[in-house]
Amino acid sequence: MTLSSEDLMRALPHVLAAPKDGAAIAHLCLRPARNERQFVDEITLTKARGIPGERWMTQPWLRTEDGAPHPGIQVCIIPQRVLDLVWTPGAEVLHPGDTFAADIDTSEVNLPTGQVLQVGSAVLRVSEVFNDACVKWKARYGPAAYDWIRNPDHRTLRLRGILCSVEQDGVIRTGDVLHKA
């Protein structure tokens with residue numbers, strides 16, 4: 001079931017009230033191939049390879065000028081409150097594929113480009129690459145959810161979440177706490 005524009009706008013204050021720091025992570029997700037999801041309790045993050053076993057090295061949606069996978073898209077973090085609006089575990093609709101969800105404010109004001117984040121033993125950096133929802137988001141969660149994410153008035157809110165590079169290799173586990181460093 002997809003939400004209406006009105007439902008999403010009514011939910012916006014709740015989404016915006018997310019904590020600014022110290023969010024437990026959930027739904028650790030690997031994407032070994034397109035449209036495949038594996039939920040795990042632990043993920044290894046590396047600066048050189050992103051998430052070993054993920055498609056970032058072989059099928060990234062964004063590359064640098066030299067053809068390498070863009071380092072700013074190694075890790076995807078979706079706000080838990082947004083995920084809860086569009087996806088239900090066990091539902092027929094595919095999980096969006098973000099590395100993890102966290103109940104945190106992902107707005108530019110709270111997590112600006114360059115912000116360093118500590119989670120588990122890994123260190124991440126918020127990327128300049130904007131996550132604006134793709135056509136798959138529209139197909140899976142409906143036109144209203146797609147338009148809500150892409151609304152120009154919502155751009156700085158980063159409702160679709162943030163993209164990060166791995167700055168320090170490490171391991172993250174379900175329940176680890178994401179902190180601004």
# chains A, B, ... in the order shown; residues from 1 in each chain; ligands from 1
$ select_by_dssp --residues "stretch 9-180 of chain A" --states "alpha helix (DSSP H)" --output "PyMOL selection string"
chain A and resi 9-16+80-86+135-141+143-150
$ write_last_selection --atoms "N, CA and C atoms" --output "PDB file, in the first residue's frame"
ATOM      1  N   MET A   9       2.717  14.370   3.866  1.00  0.00           N
ATOM      2  CA  MET A   9       2.878  15.716   4.431  1.00  0.00           C
ATOM      3  C   MET A   9       2.506  15.728   5.912  1.00  0.00           C
ATOM      4  N   ARG A  10       1.497  14.950   6.297  1.00  0.00           N
ATOM      5  CA  ARG A  10       1.137  14.856   7.721  1.00  0.00           C
ATOM      6  C   ARG A  10       2.253  14.191   8.522  1.00  0.00           C
ATOM      7  N   ALA A  11       2.992  13.287   7.896  1.00  0.00           N
ATOM      8  CA  ALA A  11       4.078  12.576   8.576  1.00  0.00           C
ATOM      9  C   ALA A  11       5.359  13.401   8.672  1.00  0.00           C
ATOM     10  N   LEU A  12       5.454  14.459   7.885  1.00  0.00           N
ATOM     11  CA  LEU A  12       6.688  15.239   7.831  1.00  0.00           C
ATOM     12  C   LEU A  12       7.147  15.765   9.200  1.00  0.00           C
ATOM     13  N   PRO A  13       6.286  16.326  10.031  1.00  0.00           N
ATOM     14  CA  PRO A  13       6.768  16.785  11.347  1.00  0.00           C
ATOM     15  C   PRO A  13       7.396  15.658  12.179  1.00  0.00           C
ATOM     16  N   HIS A  14       6.820  14.465  12.098  1.00  0.00           N
ATOM     17  CA  HIS A  14       7.392  13.311  12.820  1.00  0.00           C
ATOM     18  C   HIS A  14       8.773  12.964  12.261  1.00  0.00           C
ATOM     19  N   VAL A  15       8.913  12.962  10.951  1.00  0.00           N
ATOM     20  CA  VAL A  15      10.205  12.668  10.322  1.00  0.00           C
ATOM     21  C   VAL A  15      11.237  13.711  10.751  1.00  0.00           C
ATOM     22  N   LEU A  16      10.838  14.973  10.751  1.00  0.00           N
ATOM     23  CA  LEU A  16      11.762  16.059  11.081  1.00  0.00           C
ATOM     24  C   LEU A  16      12.124  16.105  12.562  1.00  0.00           C
ATOM     25  N   GLN A  80      15.201   6.210   9.472  1.00  0.00           N
ATOM     26  CA  GLN A  80      14.286   5.143   9.890  1.00  0.00           C
ATOM     27  C   GLN A  80      12.829   5.571   9.744  1.00  0.00           C
ATOM     28  N   ARG A  81      12.527   6.820  10.061  1.00  0.00           N
ATOM     29  CA  ARG A  81      11.137   7.285  10.012  1.00  0.00           C
ATOM     30  C   ARG A  81      10.604   7.334   8.584  1.00  0.00           C
ATOM     31  N   VAL A  82      11.469   7.603   7.616  1.00  0.00           N
ATOM     32  CA  VAL A  82      11.056   7.565   6.212  1.00  0.00           C
ATOM     33  C   VAL A  82      10.877   6.113   5.779  1.00  0.00           C
ATOM     34  N   LEU A  83      11.829   5.259   6.138  1.00  0.00           N
ATOM     35  CA  LEU A  83      11.715   3.839   5.796  1.00  0.00           C
ATOM     36  C   LEU A  83      10.417   3.260   6.349  1.00  0.00           C
ATOM     37  N   ASP A  84      10.076   3.609   7.589  1.00  0.00           N
ATOM     38  CA  ASP A  84       8.849   3.096   8.203  1.00  0.00           C
ATOM     39  C   ASP A  84       7.598   3.532   7.452  1.00  0.00           C
ATOM     40  N   LEU A  85       7.657   4.653   6.777  1.00  0.00           N
ATOM     41  CA  LEU A  85       6.504   5.131   6.003  1.00  0.00           C
ATOM     42  C   LEU A  85       6.286   4.322   4.727  1.00  0.00           C
ATOM     43  N   VAL A  86       7.380   3.912   4.092  1.00  0.00           N
ATOM     44  CA  VAL A  86       7.249   3.316   2.763  1.00  0.00           C
ATOM     45  C   VAL A  86       7.431   1.809   2.704  1.00  0.00           C
ATOM     46  N   VAL A 135      13.836   6.170 -10.245  1.00  0.00           N
ATOM     47  CA  VAL A 135      12.558   5.687 -10.764  1.00  0.00           C
ATOM     48  C   VAL A 135      12.118   4.397 -10.070  1.00  0.00           C
ATOM     49  N   LYS A 136      13.076   3.625  -9.547  1.00  0.00           N
ATOM     50  CA  LYS A 136      12.704   2.415  -8.802  1.00  0.00           C
ATOM     51  C   LYS A 136      11.942   2.786  -7.527  1.00  0.00           C
ATOM     52  N   TRP A 137      12.354   3.878  -6.880  1.00  0.00           N
ATOM     53  CA  TRP A 137      11.659   4.367  -5.684  1.00  0.00           C
ATOM     54  C   TRP A 137      10.201   4.676  -6.050  1.00  0.00           C
ATOM     55  N   LYS A 138      10.012   5.337  -7.172  1.00  0.00           N
ATOM     56  CA  LYS A 138       8.659   5.701  -7.634  1.00  0.00           C
ATOM     57  C   LYS A 138       7.833   4.448  -7.914  1.00  0.00           C
ATOM     58  N   ALA A 139       8.436   3.474  -8.583  1.00  0.00           N
ATOM     59  CA  ALA A 139       7.722   2.243  -8.917  1.00  0.00           C
ATOM     60  C   ALA A 139       7.370   1.437  -7.671  1.00  0.00           C
ATOM     61  N   ARG A 140       8.258   1.405  -6.692  1.00  0.00           N
ATOM     62  CA  ARG A 140       8.045   0.589  -5.494  1.00  0.00           C
ATOM     63  C   ARG A 140       7.134   1.253  -4.471  1.00  0.00           C
ATOM     64  N   TYR A 141       7.315   2.550  -4.263  1.00  0.00           N
ATOM     65  CA  TYR A 141       6.636   3.220  -3.147  1.00  0.00           C
ATOM     66  C   TYR A 141       5.599   4.241  -3.586  1.00  0.00           C
ATOM     67  N   PRO A 143       4.069   7.253  -6.753  1.00  0.00           N
ATOM     68  CA  PRO A 143       4.382   8.602  -7.232  1.00  0.00           C
ATOM     69  C   PRO A 143       4.370   9.655  -6.118  1.00  0.00           C
ATOM     70  N   ALA A 144       3.480   9.515  -5.151  1.00  0.00           N
ATOM     71  CA  ALA A 144       3.419  10.506  -4.069  1.00  0.00           C
ATOM     72  C   ALA A 144       4.709  10.486  -3.248  1.00  0.00           C
ATOM     73  N   ALA A 145       5.233   9.296  -2.929  1.00  0.00           N
ATOM     74  CA  ALA A 145       6.480   9.188  -2.162  1.00  0.00           C
ATOM     75  C   ALA A 145       7.651   9.741  -2.969  1.00  0.00           C
ATOM     76  N   TYR A 146       7.643   9.477  -4.253  1.00  0.00           N
ATOM     77  CA  TYR A 146       8.688   9.986  -5.147  1.00  0.00           C
ATOM     78  C   TYR A 146       8.652  11.513  -5.183  1.00  0.00           C
ATOM     79  N   ASP A 147       7.474  12.076  -5.376  1.00  0.00           N
ATOM     80  CA  ASP A 147       7.333  13.532  -5.444  1.00  0.00           C
ATOM     81  C   ASP A 147       7.656  14.189  -4.105  1.00  0.00           C
ATOM     82  N   TRP A 148       7.303  13.543  -3.009  1.00  0.00           N
ATOM     83  CA  TRP A 148       7.576  14.056  -1.664  1.00  0.00           C
ATOM     84  C   TRP A 148       9.085  14.166  -1.435  1.00  0.00           C
ATOM     85  N   ILE A 149       9.818  13.142  -1.830  1.00  0.00           N
ATOM     86  CA  ILE A 149      11.276  13.138  -1.698  1.00  0.00           C
ATOM     87  C   ILE A 149      11.888  14.232  -2.571  1.00  0.00           C
ATOM     88  N   ARG A 150      11.401  14.348  -3.803  1.00  0.00           N
ATOM     89  CA  ARG A 150      12.001  15.244  -4.788  1.00  0.00           C
ATOM     90  C   ARG A 150      11.460  16.674  -4.756  1.00  0.00           C
TER      91      ARG A 150
END
$ select_by_dssp --residues "stretch 10-178 of chain A" --states "strand (DSSP E or B)" --output "number ranges by chain"
A: 23-26, 29-30, 38-39, 42-46, 50, 63, 69, 75-79, 100-102, 116-119, 122-126, 162-168, 170-173, 177-178
$ closest_residue --among "A:Ala181, A:Ala68, A:Leu62, A:Cys29" --to "A:Phe130" --atoms "only C-alpha atoms"
A:Leu62
$ residues_around --residues "A:Ile104" --least-positions-apart "4" --cutoff "12 Å" --atoms "only C-alpha atoms" --output "ChimeraX atom specification"
/A:14-26,77-83,100,110-111,117,157-159,161-162,177-180
$ closest_residue --among "A:Val93, A:Ala101, A:Val75, A:Ile172" --to "A:Ser127" --atoms "only C-alpha atoms"
A:Val75
